[in-house]
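Student: target-v3.pdb is reproduced below (PDB, C-alpha atoms, pLDDT in the B column).
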ATOM      1  CA  MET A   1      36.930  33.531 -19.772  1.00 95.00           C
ATOM      2  CA  LEU A   2      35.407  32.357 -16.503  1.00 97.00           C
ATOM      3  CA  LYS A   3      33.392  35.085 -14.788  1.00 97.00           C
ATOM      4  CA  PHE A   4      33.005  34.071 -11.141  1.00 97.00           C
ATOM      5  CA  GLY A   5      30.425  35.555  -8.825  1.00 97.00           C
ATOM      6  CA  HIS A   6      32.334  35.801  -5.517  1.00 97.00           C
ATOM      7  CA  ARG A   7      30.053  34.081  -2.978  1.00 96.00           C
ATOM      8  CA  GLY A   8      27.347  34.915  -5.499  1.00 95.00           C
ATOM      9  CA  ALA A   9      26.775  38.635  -5.950  1.00 92.00           C
ATOM     10  CA  PRO A  10      27.449  40.252  -2.558  1.00 88.00           C
ATOM     11  CA  GLY A  11      27.911  43.623  -4.196  1.00 86.00           C
ATOM     12  CA  ASN A  12      24.108  43.560  -4.167  1.00 80.00           C
ATOM     13  CA  PRO A  13      23.764  43.329  -0.374  1.00 79.00           C
ATOM     14  CA  ARG A  14      20.069  42.547  -0.057  1.00 71.00           C
ATOM     15  CA  TYR A  15      20.773  39.233  -1.756  1.00 77.00           C
ATOM     16  CA  GLY A  16      23.361  38.232   0.851  1.00 85.00           C
ATOM     17  CA  GLU A  17      26.336  35.976   0.172  1.00 95.00           C
ATOM     18  CA  ASN A  18      26.735  32.215  -0.279  1.00 96.00           C
ATOM     19  CA  THR A  19      22.971  31.824  -0.673  1.00 96.00           C
ATOM     20  CA  LEU A  20      20.898  30.348  -3.473  1.00 96.00           C
ATOM     21  CA  LYS A  21      19.382  33.747  -4.304  1.00 94.00           C
ATOM     22  CA  SER A  22      22.808  35.351  -4.413  1.00 95.00           C
ATOM     23  CA  PHE A  23      24.069  32.645  -6.760  1.00 96.00           C
ATOM     24  CA  GLU A  24      20.995  33.040  -8.950  1.00 95.00           C
ATOM     25  CA  LEU A  25      21.522  36.799  -9.093  1.00 95.00           C
ATOM     26  CA  ALA A  26      25.167  36.338 -10.082  1.00 95.00           C
ATOM     27  CA  LEU A  27      24.133  34.161 -13.022  1.00 95.00           C
ATOM     28  CA  THR A  28      21.393  36.618 -14.000  1.00 94.00           C
ATOM     29  CA  LYS A  29      23.992  39.388 -14.054  1.00 94.00           C
ATOM     30  CA  GLY A  30      26.256  37.470 -16.413  1.00 93.00           C
ATOM     31  CA  ALA A  31      28.433  35.166 -14.324  1.00 96.00           C
ATOM     32  CA  ASN A  32      29.176  31.803 -15.914  1.00 96.00           C
ATOM     33  CA  ALA A  33      30.854  30.508 -12.755  1.00 97.00           C
ATOM     34  CA  LEU A  34      30.317  30.653  -9.000  1.00 97.00           C
ATOM     35  CA  GLU A  35      32.771  30.919  -6.112  1.00 98.00           C
ATOM     36  CA  LEU A  36      31.676  29.595  -2.725  1.00 98.00           C
ATOM     37  CA  ASP A  37      33.056  28.416   0.623  1.00 98.00           C
ATOM     38  CA  VAL A  38      32.496  25.100   2.382  1.00 98.00           C
ATOM     39  CA  ARG A  39      32.611  24.102   6.048  1.00 98.00           C
ATOM     40  CA  ARG A  40      31.125  21.192   8.017  1.00 98.00           C
ATOM     41  CA  THR A  41      28.438  21.153  10.677  1.00 98.00           C
ATOM     42  CA  LYS A  42      28.802  19.260  13.937  1.00 98.00           C
ATOM     43  CA  ASP A  43      27.380  16.145  12.285  1.00 97.00           C
ATOM     44  CA  GLY A  44      29.718  16.466   9.290  1.00 98.00           C
ATOM     45  CA  ILE A  45      27.399  17.969   6.673  1.00 98.00           C
ATOM     46  CA  PRO A  46      29.283  20.194   4.181  1.00 98.00           C
ATOM     47  CA  VAL A  47      27.502  23.554   4.087  1.00 98.00           C
ATOM     48  CA  VAL A  48      28.166  26.725   2.132  1.00 98.00           C
ATOM     49  CA  ILE A  49      29.371  29.519   4.415  1.00 98.00           C
ATOM     50  CA  HIS A  50      32.548  31.577   4.624  1.00 97.00           C
ATOM     51  CA  ASP A  51      32.918  32.355   8.328  1.00 97.00           C
ATOM     52  CA  GLU A  52      33.647  29.971  11.162  1.00 98.00           C
ATOM     53  CA  THR A  53      30.543  31.302  12.919  1.00 97.00           C
ATOM     54  CA  ILE A  54      27.043  32.104  11.711  1.00 97.00           C
ATOM     55  CA  ASP A  55      26.965  35.434  13.573  1.00 96.00           C
ATOM     56  CA  ARG A  56      27.699  37.795  10.670  1.00 94.00           C
ATOM     57  CA  THR A  57      25.453  36.297   8.006  1.00 94.00           C
ATOM     58  CA  THR A  58      22.459  34.913   9.938  1.00 95.00           C
ATOM     59  CA  ASN A  59      20.146  35.791  12.820  1.00 95.00           C
ATOM     60  CA  GLY A  60      21.821  33.131  14.954  1.00 95.00           C
ATOM     61  CA  SER A  61      25.158  32.757  16.681  1.00 96.00           C
ATOM     62  CA  GLY A  62      27.762  30.082  17.289  1.00 98.00           C
ATOM     63  CA  LYS A  63      30.350  28.100  15.396  1.00 98.00           C
ATOM     64  CA  VAL A  64      29.225  26.111  12.361  1.00 98.00           C
ATOM     65  CA  GLY A  65      31.187  23.117  13.646  1.00 98.00           C
ATOM     66  CA  ASP A  66      29.280  23.182  16.947  1.00 98.00           C
ATOM     67  CA  ILE A  67      25.798  23.135  15.399  1.00 98.00           C
ATOM     68  CA  LEU A  68      23.923  20.120  14.039  1.00 98.00           C
ATOM     69  CA  TYR A  69      22.594  20.636  10.537  1.00 98.00           C
ATOM     70  CA  ARG A  70      18.993  20.146  11.688  1.00 97.00           C
ATOM     71  CA  ASP A  71      19.498  23.098  14.054  1.00 98.00           C
ATOM     72  CA  LEU A  72      21.433  25.188  11.518  1.00 97.00           C
ATOM     73  CA  LYS A  73      18.361  25.153   9.282  1.00 95.00           C
ATOM     74  CA  LEU A  74      16.430  27.086  11.936  1.00 95.00           C
ATOM     75  CA  PHE A  75      18.480  30.239  11.351  1.00 97.00           C
ATOM     76  CA  GLN A  76      17.918  32.656   8.494  1.00 95.00           C
ATOM     77  CA  THR A  77      20.448  34.582   6.461  1.00 92.00           C
ATOM     78  CA  ASP A  78      20.157  38.321   5.878  1.00 83.00           C
ATOM     79  CA  ASN A  79      17.990  37.719   2.816  1.00 84.00           C
ATOM     80  CA  GLY A  80      15.625  35.271   4.528  1.00 90.00           C
ATOM     81  CA  GLU A  81      17.190  32.014   3.371  1.00 94.00           C
ATOM     82  CA  THR A  82      18.833  29.148   5.193  1.00 96.00           C
ATOM     83  CA  ILE A  83      22.478  28.160   4.832  1.00 97.00           C
ATOM     84  CA  PRO A  84      22.540  25.674   1.929  1.00 98.00           C
ATOM     85  CA  THR A  85      24.400  22.395   1.846  1.00 98.00           C
ATOM     86  CA  PHE A  86      27.048  22.004  -0.835  1.00 98.00           C
ATOM     87  CA  ALA A  87      25.027  19.121  -2.290  1.00 97.00           C
ATOM     88  CA  ARG A  88      21.983  21.373  -2.618  1.00 96.00           C
ATOM     89  CA  VAL A  89      23.980  24.042  -4.443  1.00 96.00           C
ATOM     90  CA  LEU A  90      25.436  21.407  -6.746  1.00 95.00           C
ATOM     91  CA  ALA A  91      21.964  20.010  -7.453  1.00 93.00           C
ATOM     92  CA  ARG A  92      20.687  23.504  -8.241  1.00 93.00           C
ATOM     93  CA  PHE A  93      23.572  24.917 -10.242  1.00 92.00           C
ATOM     94  CA  GLY A  94      25.799  22.014 -11.269  1.00 84.00           C
ATOM     95  CA  GLU A  95      24.799  22.236 -14.907  1.00 78.00           C
ATOM     96  CA  LYS A  96      27.347  21.757 -17.631  1.00 71.00           C
ATOM     97  CA  PHE A  97      27.501  25.483 -18.475  1.00 76.00           C
ATOM     98  CA  ILE A  98      28.069  26.616 -14.881  1.00 90.00           C
ATOM     99  CA  PHE A  99      31.482  26.179 -13.242  1.00 95.00           C
ATOM    100  CA  ILE A 100      31.809  26.108  -9.443  1.00 97.00           C
ATOM    101  CA  ASN A 101      34.919  26.960  -7.449  1.00 98.00           C
ATOM    102  CA  ALA A 102      34.418  25.387  -4.010  1.00 98.00           C
ATOM    103  CA  GLU A 103      36.905  26.723  -1.471  1.00 98.00           C
ATOM    104  CA  ALA A 104      37.580  24.310   1.382  1.00 98.00           C
ATOM    105  CA  LYS A 105      37.786  26.279   4.631  1.00 98.00           C
ATOM    106  CA  GLU A 106      38.617  23.406   6.992  1.00 98.00           C
ATOM    107  CA  ALA A 107      40.881  20.366   7.117  1.00 97.00           C
ATOM    108  CA  GLY A 108      39.151  17.383   5.562  1.00 96.00           C
ATOM    109  CA  VAL A 109      36.481  19.384   3.754  1.00 98.00           C
ATOM    110  CA  ALA A 110      38.222  19.080   0.376  1.00 98.00           C
ATOM    111  CA  GLN A 111      37.738  15.316   0.458  1.00 98.00           C
ATOM    112  CA  GLU A 112      34.034  15.789   1.214  1.00 98.00           C
ATOM    113  CA  ILE A 113      33.676  18.195  -1.693  1.00 98.00           C
ATOM    114  CA  GLY A 114      35.392  15.667  -3.948  1.00 98.00           C
ATOM    115  CA  ARG A 115      33.146  12.839  -2.735  1.00 98.00           C
ATOM    116  CA  ILE A 116      29.953  14.789  -3.374  1.00 97.00           C
ATOM    117  CA  THR A 117      31.215  16.075  -6.716  1.00 97.00           C
ATOM    118  CA  ARG A 118      31.927  12.532  -7.922  1.00 96.00           C
ATOM    119  CA  ALA A 119      28.599  11.280  -6.599  1.00 95.00           C
ATOM    120  CA  TRP A 120      26.814  13.925  -8.682  1.00 93.00           C
ATOM    121  CA  GLY A 121      28.967  13.217 -11.739  1.00 93.00           C
ATOM    122  CA  ALA A 122      30.069  16.866 -11.724  1.00 94.00           C
ATOM    123  CA  GLU A 123      33.840  16.448 -12.085  1.00 95.00           C
ATOM    124  CA  LYS A 124      33.894  18.774 -15.105  1.00 93.00           C
ATOM    125  CA  ASN A 125      31.921  21.453 -13.306  1.00 95.00           C
ATOM    126  CA  VAL A 126      33.724  21.809  -9.957  1.00 97.00           C
ATOM    127  CA  ILE A 127      37.219  22.861  -8.939  1.00 98.00           C
ATOM    128  CA  VAL A 128      38.313  22.569  -5.312  1.00 98.00           C
ATOM    129  CA  SER A 129      40.591  25.290  -3.959  1.00 98.00           C
ATOM    130  CA  ALA A 130      42.272  26.043  -0.633  1.00 98.00           C
ATOM    131  CA  PHE A 131      44.893  28.215   0.994  1.00 98.00           C
ATOM    132  CA  ASP A 132      47.926  26.508   2.498  1.00 98.00           C
ATOM    133  CA  ALA A 133      48.105  25.880   6.243  1.00 97.00           C
ATOM    134  CA  ASP A 134      50.519  28.770   6.883  1.00 97.00           C
ATOM    135  CA  ASP A 135      48.543  31.174   4.697  1.00 98.00           C
ATOM    136  CA  ASN A 136      45.051  30.828   6.145  1.00 95.00           C
ATOM    137  CA  ASP A 137      42.708  33.097   8.028  1.00 93.00           C
ATOM    138  CA  PRO A 138      42.839  32.387  11.776  1.00 94.00           C
ATOM    139  CA  ASP A 139      39.475  30.597  11.618  1.00 95.00           C
ATOM    140  CA  SER A 140      40.410  28.258   8.748  1.00 97.00           C
ATOM    141  CA  SER A 141      42.435  25.031   8.747  1.00 97.00           C
ATOM    142  CA  SER A 142      42.583  23.893   5.133  1.00 97.00           C
ATOM    143  CA  SER A 143      45.890  23.239   3.365  1.00 98.00           C
ATOM    144  CA  TRP A 144      47.427  22.320   0.042  1.00 98.00           C
ATOM    145  CA  LYS A 145      48.107  18.866   1.531  1.00 98.00           C
ATOM    146  CA  ASP A 146      44.353  18.437   1.877  1.00 98.00           C
ATOM    147  CA  LEU A 147      43.971  19.183  -1.818  1.00 98.00           C
ATOM    148  CA  THR A 148      46.608  16.561  -2.621  1.00 97.00           C
ATOM    149  CA  LYS A 149      44.776  13.967  -0.509  1.00 98.00           C
ATOM    150  CA  MET A 150      41.508  14.780  -2.249  1.00 98.00           C
ATOM    151  CA  LYS A 151      43.147  14.534  -5.672  1.00 98.00           C
ATOM    152  CA  LYS A 152      44.460  11.048  -4.873  1.00 97.00           C
ATOM    153  CA  LEU A 153      40.979   9.910  -3.838  1.00 98.00           C
ATOM    154  CA  TYR A 154      39.136  11.643  -6.678  1.00 98.00           C
ATOM    155  CA  PRO A 155      41.666  12.170  -9.484  1.00 98.00           C
ATOM    156  CA  ASN A 156      39.078  13.524 -11.921  1.00 97.00           C
ATOM    157  CA  VAL A 157      38.148  16.442  -9.670  1.00 98.00           C
ATOM    158  CA  PRO A 158      40.425  19.421 -10.474  1.00 98.00           C
ATOM    159  CA  ILE A 159      42.149  21.471  -7.772  1.00 98.00           C
ATOM    160  CA  ALA A 160      43.516  25.000  -7.507  1.00 98.00           C
ATOM    161  CA  LEU A 161      46.107  26.439  -5.142  1.00 98.00           C
ATOM    162  CA  LEU A 162      44.950  29.645  -3.455  1.00 98.00           C
ATOM    163  CA  ALA A 163      47.587  31.984  -2.069  1.00 98.00           C
ATOM    164  CA  THR A 164      48.010  35.445  -0.643  1.00 98.00           C
ATOM    165  CA  THR A 165      50.572  37.919  -1.924  1.00 98.00           C
ATOM    166  CA  LYS A 166      52.717  37.212   1.144  1.00 98.00           C
ATOM    167  CA  LYS A 167      52.826  33.475   0.380  1.00 98.00           C
ATOM    168  CA  ILE A 168      53.653  33.943  -3.307  1.00 98.00           C
ATOM    169  CA  LYS A 169      56.404  36.455  -2.538  1.00 98.00           C
ATOM    170  CA  TYR A 170      57.875  34.043  -0.002  1.00 98.00           C
ATOM    171  CA  LEU A 171      57.933  31.207  -2.536  1.00 98.00           C
ATOM    172  CA  GLY A 172      58.519  33.201  -5.697  1.00 98.00           C
ATOM    173  CA  TYR A 173      55.908  32.823  -8.407  1.00 97.00           C
ATOM    174  CA  GLY A 174      57.996  30.258 -10.282  1.00 98.00           C
ATOM    175  CA  GLU A 175      58.004  27.997  -7.233  1.00 98.00           C
ATOM    176  CA  PHE A 176      54.292  28.670  -6.675  1.00 98.00           C
ATOM    177  CA  ILE A 177      53.563  27.407 -10.179  1.00 98.00           C
ATOM    178  CA  ALA A 178      55.959  24.478  -9.717  1.00 98.00           C
ATOM    179  CA  ARG A 179      54.102  23.400  -6.580  1.00 98.00           C
ATOM    180  CA  ALA A 180      50.845  23.564  -8.470  1.00 98.00           C
ATOM    181  CA  LYS A 181      52.298  21.340 -11.184  1.00 98.00           C
ATOM    182  CA  GLU A 182      53.663  18.752  -8.742  1.00 97.00           C
ATOM    183  CA  ARG A 183      50.202  18.499  -7.169  1.00 97.00           C
ATOM    184  CA  TYR A 184      48.563  18.133 -10.600  1.00 97.00           C
ATOM    185  CA  ALA A 185      46.619  21.341  -9.986  1.00 98.00           C
ATOM    186  CA  HIS A 186      44.522  22.677 -12.815  1.00 98.00           C
ATOM    187  CA  ALA A 187      44.909  26.287 -11.691  1.00 98.00           C
ATOM    188  CA  ILE A 188      46.424  28.800  -9.333  1.00 98.00           C
ATOM    189  CA  HIS A 189      44.341  31.511  -7.664  1.00 98.00           C
ATOM    190  CA  PRO A 190      46.511  34.537  -6.823  1.00 98.00           C
ATOM    191  CA  PRO A 191      45.211  37.942  -5.666  1.00 98.00           C
ATOM    192  CA  TYR A 192      44.941  40.382  -8.544  1.00 98.00           C
ATOM    193  CA  GLU A 193      47.190  42.854  -6.701  1.00 98.00           C
ATOM    194  CA  TYR A 194      50.090  40.435  -6.997  1.00 98.00           C
ATOM    195  CA  VAL A 195      49.437  39.898 -10.695  1.00 98.00           C
ATOM    196  CA  LEU A 196      49.555  43.669 -11.182  1.00 98.00           C
ATOM    197  CA  GLU A 197      53.028  43.647  -9.606  1.00 97.00           C
ATOM    198  CA  GLU A 198      54.238  40.544 -11.466  1.00 98.00           C
ATOM    199  CA  PRO A 199      52.214  40.265 -14.690  1.00 98.00           C
ATOM    200  CA  ASP A 200      54.644  37.715 -16.138  1.00 98.00           C
ATOM    201  CA  LEU A 201      53.176  35.159 -13.723  1.00 98.00           C
ATOM    202  CA  VAL A 202      50.332  34.681 -16.196  1.00 98.00           C
ATOM    203  CA  ASN A 203      52.624  33.772 -19.103  1.00 98.00           C
ATOM    204  CA  VAL A 204      54.792  31.492 -16.968  1.00 98.00           C
ATOM    205  CA  ALA A 205      51.727  29.674 -15.628  1.00 98.00           C
ATOM    206  CA  HIS A 206      50.264  29.262 -19.105  1.00 98.00           C
ATOM    207  CA  SER A 207      53.554  27.903 -20.417  1.00 98.00           C
ATOM    208  CA  ALA A 208      53.259  25.242 -17.681  1.00 98.00           C
ATOM    209  CA  TRP A 209      49.624  24.549 -18.693  1.00 98.00           C
ATOM    210  CA  VAL A 210      48.305  26.005 -15.446  1.00 98.00           C
ATOM    211  CA  SER A 211      45.283  28.307 -15.520  1.00 98.00           C
ATOM    212  CA  VAL A 212      45.194  31.591 -13.589  1.00 98.00           C
ATOM    213  CA  ASN A 213      42.018  32.769 -11.852  1.00 98.00           C
ATOM    214  CA  VAL A 214      42.416  36.016  -9.913  1.00 98.00           C
ATOM    215  CA  TRP A 215      40.549  37.334  -6.863  1.00 98.00           C
ATOM    216  CA  THR A 216      38.736  39.586  -5.865  1.00 97.00           C
ATOM    217  CA  VAL A 217      38.530  42.145  -8.693  1.00 98.00           C
ATOM    218  CA  ASN A 218      35.853  44.834  -8.384  1.00 96.00           C
ATOM    219  CA  SER A 219      37.023  48.013 -10.126  1.00 96.00           C
ATOM    220  CA  TYR A 220      36.470  48.445 -13.828  1.00 97.00           C
ATOM    221  CA  TRP A 221      40.112  49.396 -14.432  1.00 97.00           C
ATOM    222  CA  HIS A 222      41.478  46.327 -12.659  1.00 98.00           C
ATOM    223  CA  ILE A 223      39.019  44.066 -14.505  1.00 98.00           C
ATOM    224  CA  TRP A 224      40.199  45.564 -17.797  1.00 97.00           C
ATOM    225  CA  ARG A 225      43.830  45.097 -16.790  1.00 98.00           C
ATOM    226  CA  MET A 226      43.329  41.441 -15.834  1.00 98.00           C
ATOM    227  CA  LYS A 227      41.626  40.758 -19.137  1.00 97.00           C
ATOM    228  CA  ARG A 228      44.503  42.408 -21.011  1.00 97.00           C
ATOM    229  CA  LEU A 229      46.956  40.166 -19.177  1.00 98.00           C
ATOM    230  CA  GLY A 230      45.041  37.094 -20.359  1.00 98.00           C
ATOM    231  CA  VAL A 231      43.924  35.535 -17.078  1.00 98.00           C
ATOM    232  CA  ASN A 232      41.585  32.573 -17.403  1.00 98.00           C
ATOM    233  CA  GLY A 233      39.067  33.694 -14.822  1.00 98.00           C
ATOM    234  CA  ILE A 234      38.136  36.680 -12.669  1.00 98.00           C
ATOM    235  CA  ILE A 235      36.385  36.430  -9.298  1.00 98.00           C
ATOM    236  CA  SER A 236      34.294  39.513  -8.486  1.00 97.00           C
ATOM    237  CA  ASP A 237      31.641  40.780  -6.061  1.00 96.00           C
ATOM    238  CA  PHE A 238      30.072  42.500  -9.068  1.00 96.00           C
ATOM    239  CA  PRO A 239      29.821  39.895 -11.856  1.00 95.00           C
ATOM    240  CA  GLU A 240      27.906  42.313 -14.067  1.00 95.00           C
ATOM    241  CA  ARG A 241      31.063  44.437 -14.349  1.00 96.00           C
ATOM    242  CA  LEU A 242      32.947  41.545 -15.908  1.00 95.00           C
ATOM    243  CA  TRP A 243      30.822  41.996 -19.034  1.00 87.00           C
ATOM    244  CA  LEU A 244      31.031  45.782 -19.190  1.00 80.00           C
ATOM    245  CA  VAL A 245      34.797  46.063 -19.650  1.00 71.00           C
TER
END
Any chance you could give the structure as structure tokens?
Tutor:
Amino acid sequence: MLKFGHRGAPGNPRYGENTLKSFELALTKGANALELDVRRTKDGIPVVIHDETIDRTTNGSGKVGDILYRDLKLFQTDNGETIPTFARVLARFGEKFIFINAEAKEAGVAQEIGRITRAWGAEKNVIVSAFDADDNDPDSSSSWKDLTKMKKLYPNVPIALLATTKKIKYLGYGEFIARAKERYAHAIHPPYEYVLEEPDLVNVAHSAWVSVNVWTVNSYWHIWRMKRLGVNGIISDFPERLWLV
């Protein structure tokens, strides 16, 4: 089973999130996979950060998309690092035994992730995920269409459809899985709360040869329950707990 450190290991706050040290800590604590978020700077460099702005996670302020990468490097994260580029993370952790889920946060970023992944020869180590346009946070603009475009350009890079409970209930989980199949998605990424409500989603997805990776599971009981249901991967702020259940 894939054991994803969600943005690294943010359950250990002094290590921050989406930083090299946080990713290293996640692997030290037993993760065999990493989950991270990708946006672009003003000059188009894909960098690893969740928020639209750098205010929450660094000593600077402003929107990522308004800052040149050379200037972004001047700001430090809570644990004294700089915001890494996706290429740097891939160079550091893109080994064959480490799997990386790169969530595209903006329109067009999925294609950039695919381009870099192919350039590094890491198609077996990276999966690109995104929420649909009508299911995003207000500060995100990615979509399932973006994933489809990326897949056409880089067919060997796998994709996963992220969705909230609201989106899956609107579609019905059968249709959610069908849309993943028609886009040649390797996996779906539903919230674990929905899987608790509709556990048969896992069996239906597996019968369609679609993997199920759930987010974000932090309690021991919910981790145990997800394992019992046979999910393929669990994304957690506390990757060490994924081994203890």
Student: Write out as a PyMOL selection string which residues come within 9 Å of Asn218 of chain A when counting all atoms listed in the file, dropping same-chain ones fewer than 5 positions away.
Tutor: chain A and resi 223+235-239+241-242
Student: How would the residues just chosen look if you wrote them out with C-alpha atoms as a compact mmCIF listing (two decimals), in the frame of the given file?
Tutor:
# COMPACT_ATOMS: atom_id res chain seq x y z
CA ILE A 223 39.02 44.07 -14.50
CA ILE A 235 36.38 36.43 -9.30
CA SER A 236 34.29 39.51 -8.49
CA ASP A 237 31.64 40.78 -6.06
CA PHE A 238 30.07 42.50 -9.07
CA PRO A 239 29.82 39.90 -11.86
CA ARG A 241 31.06 44.44 -14.35
CA LEU A 242 32.95 41.54 -15.91
Student: Carefully work through the PyMOL selection byres ((chain A and resi 5) around 10) for this structure and note down the residues it includes, as number ranges by chain.
Tutor: A: 2-4, 6-11, 17-18, 22-27, 29-36, 100-101, 216, 234-240, 242
Student: List as JSON lines every residue of segment 66-159 of chain A that is in contact with segment 173-183 of chain A, defined as an atom at most 10 Å from one of its atoms (using only C-alpha atoms), together with the nearest atom pair and the distance in Å rounded to one decimal, sorted by chain and then rising number.
Tutor:
{"residue": "A:Trp144", "atom": "CA", "partner": "A:Arg183", "partner_atom": "CA", "distance": 8.6}
{"residue": "A:Lys145", "atom": "CA", "partner": "A:Arg183", "partner_atom": "CA", "distance": 9.0}
{"residue": "A:Leu147", "atom": "CA", "partner": "A:Arg183", "partner_atom": "CA", "distance": 8.2}
{"residue": "A:Thr148", "atom": "CA", "partner": "A:Arg183", "partner_atom": "CA", "distance": 6.1}
{"residue": "A:Lys149", "atom": "CA", "partner": "A:Arg183", "partner_atom": "CA", "distance": 9.7}
{"residue": "A:Lys151", "atom": "CA", "partner": "A:Arg183", "partner_atom": "CA", "distance": 8.2}
{"residue": "A:Lys152", "atom": "CA", "partner": "A:Arg183", "partner_atom": "CA", "distance": 9.7}
{"residue": "A:Ile159", "atom": "CA", "partner": "A:Arg183", "partner_atom": "CA", "distance": 8.6}
Student: From the list A:Asn232, A:Thr165, A:Asn136, A:Thr53, which residue is nearest Leu196 of chain A when using all atoms listed in the file?
Tutor: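 Result for the nearest residue to Leu196 of chain A: A:Thr165.
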Student: Box for segment 137-145 of chain A: with edges along x, y and z, all listed atoms inside and 5 Å added on each side, what are the centre and edge lengths in Å to one decimal, as lines of an AutoDock Vina configuration file?
Tutor:
center_x = 43.8
center_y = 26.0
center_z = 5.9
size_x = 18.6
size_y = 24.2
size_z = 21.7
Student: Could you tell me which of A:Gly121, A:Gly44, A:Gly65, A:Pro191 comes closest to Ser140 of chain A if we count only C-alpha atoms?
Tutor: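 Checking each of A:Gly121, A:Gly44, A:Gly65, A:Pro191 against Ser140 of chain A, counting only C-alpha atoms, the winner is A:Gly65.
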Student: List the neighbours of Arg115 of chain A out to 12 Å using only C-alpha atoms; skip same-chain residues closer than 3 positions along the sequence, and give me the result as number ranges by chain.
Tutor: A: 46, 86-87, 108-112, 118-123, 126, 128, 149-157
Student: Take the residues that were just selected and, keeping C-alpha atoms, output them as a PDB file, keeping the file's coordinate frame.
Tutor:
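So out32.pdb came out as:
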ATOM      1  CA  PRO A  46      29.283  20.194   4.181  1.00 98.00           C
ATOM      2  CA  PHE A  86      27.048  22.004  -0.835  1.00 98.00           C
ATOM      3  CA  ALA A  87      25.027  19.121  -2.290  1.00 97.00           C
ATOM      4  CA  GLY A 108      39.151  17.383   5.562  1.00 96.00           C
ATOM      5  CA  VAL A 109      36.481  19.384   3.754  1.00 98.00           C
ATOM      6  CA  ALA A 110      38.222  19.080   0.376  1.00 98.00           C
ATOM      7  CA  GLN A 111      37.738  15.316   0.458  1.00 98.00           C
ATOM      8  CA  GLU A 112      34.034  15.789   1.214  1.00 98.00           C
ATOM      9  CA  ARG A 118      31.927  12.532  -7.922  1.00 96.00           C
ATOM     10  CA  ALA A 119      28.599  11.280  -6.599  1.00 95.00           C
ATOM     11  CA  TRP A 120      26.814  13.925  -8.682  1.00 93.00           C
ATOM     12  CA  GLY A 121      28.967  13.217 -11.739  1.00 93.00           C
ATOM     13  CA  ALA A 122      30.069  16.866 -11.724  1.00 94.00           C
ATOM     14  CA  GLU A 123      33.840  16.448 -12.085  1.00 95.00           C
ATOM     15  CA  VAL A 126      33.724  21.809  -9.957  1.00 97.00           C
ATOM     16  CA  VAL A 128      38.313  22.569  -5.312  1.00 98.00           C
ATOM     17  CA  LYS A 149      44.776  13.967  -0.509  1.00 98.00           C
ATOM     18  CA  MET A 150      41.508  14.780  -2.249  1.00 98.00           C
ATOM     19  CA  LYS A 151      43.147  14.534  -5.672  1.00 98.00           C
ATOM     20  CA  LYS A 152      44.460  11.048  -4.873  1.00 97.00           C
ATOM     21  CA  LEU A 153      40.979   9.910  -3.838  1.00 98.00           C
ATOM     22  CA  TYR A 154      39.136  11.643  -6.678  1.00 98.00           C
ATOM     23  CA  PRO A 155      41.666  12.170  -9.484  1.00 98.00           C
ATOM     24  CA  ASN A 156      39.078  13.524 -11.921  1.00 97.00           C
ATOM     25  CA  VAL A 157      38.148  16.442  -9.670  1.00 98.00           C
TER      26      VAL A 157
END
Student: Quick one, how far is atom CA of Trp215 of chain A from atom CA of Thr117 of chain A?
Tutor: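 Straight-line distance from atom CA of Trp215 of chain A to atom CA of Thr117 of chain A works out to 23.2 Å.
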Student: For the file shown, what are the residues hit by the PyMOL selection byres ((chain A and resi 66) around 12), laid out as a VMD selection string?
Tutor: chain A and resid 39 to 45 52 to 54 61 to 65 67 to 72
Student: Counting all atoms listed in the file, which of A:Ser211, A:Thr77, A:Asn12, A:Ser129 gets nearest to Ala163 of chain A?
Tutor: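 Checking each of A:Ser211, A:Thr77, A:Asn12, A:Ser129 against Ala163 of chain A, counting all atoms listed in the file, the winner is A:Ser129.
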Student: Specify as a list in words each residue included when the PyMOL selection byres ((chain A and resi 58) around 9) is applied to this file.
Tutor: Ile54, Asp55, Arg56, Thr57, Asn59, Gly60, Ser61, Phe75, Gln76, Thr77, Asp78, Asn79, Gly80, Glu81, Thr82 and Ile83 of chain A
Student: Can you spit out the residues from that selection as a PDB file, in the coordinates of the input, using C-alpha atoms?
Tutor:
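The new file part-v5.pdb reads:
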ATOM      1  CA  ILE A  54      27.043  32.104  11.711  1.00 97.00           C
ATOM      2  CA  ASP A  55      26.965  35.434  13.573  1.00 96.00           C
ATOM      3  CA  ARG A  56      27.699  37.795  10.670  1.00 94.00           C
ATOM      4  CA  THR A  57      25.453  36.297   8.006  1.00 94.00           C
ATOM      5  CA  ASN A  59      20.146  35.791  12.820  1.00 95.00           C
ATOM      6  CA  GLY A  60      21.821  33.131  14.954  1.00 95.00           C
ATOM      7  CA  SER A  61      25.158  32.757  16.681  1.00 96.00           C
ATOM      8  CA  PHE A  75      18.480  30.239  11.351  1.00 97.00           C
ATOM      9  CA  GLN A  76      17.918  32.656   8.494  1.00 95.00           C
ATOM     10  CA  THR A  77      20.448  34.582   6.461  1.00 92.00           C
ATOM     11  CA  ASP A  78      20.157  38.321   5.878  1.00 83.00           C
ATOM     12  CA  ASN A  79      17.990  37.719   2.816  1.00 84.00           C
ATOM     13  CA  GLY A  80      15.625  35.271   4.528  1.00 90.00           C
ATOM     14  CA  GLU A  81      17.190  32.014   3.371  1.00 94.00           C
ATOM     15  CA  THR A  82      18.833  29.148   5.193  1.00 96.00           C
ATOM     16  CA  ILE A  83      22.478  28.160   4.832  1.00 97.00           C
TER      17      ILE A  83
END
Student: Figure out the distance between atom CA of Val212 of chain A and atom CA of His189 of chain A, please, to one decimal in Å.
Tutor: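 Separating atom CA of His189 of chain A from atom CA of Val212 of chain A is a distance of 6.0 Å.
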Student: Could you list as a list in words every residue that has an atom within 10 Å of (47.6, 39.4, -11.4), using the file's coordinates and counting only C-alpha atoms?
Tutor: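 In the file's frame, the residues around the point are His189, Pro190, Pro191, Tyr192, Glu193, Tyr194, Val195, Leu196, Glu197, Glu198, Pro199, Asp200, Leu201, Val202, Val212, Asn213, Val214, Trp215, Val217, His222, Arg225, Met226, Lys227, Leu229, Gly230, Val231 and Ile234 of chain A.
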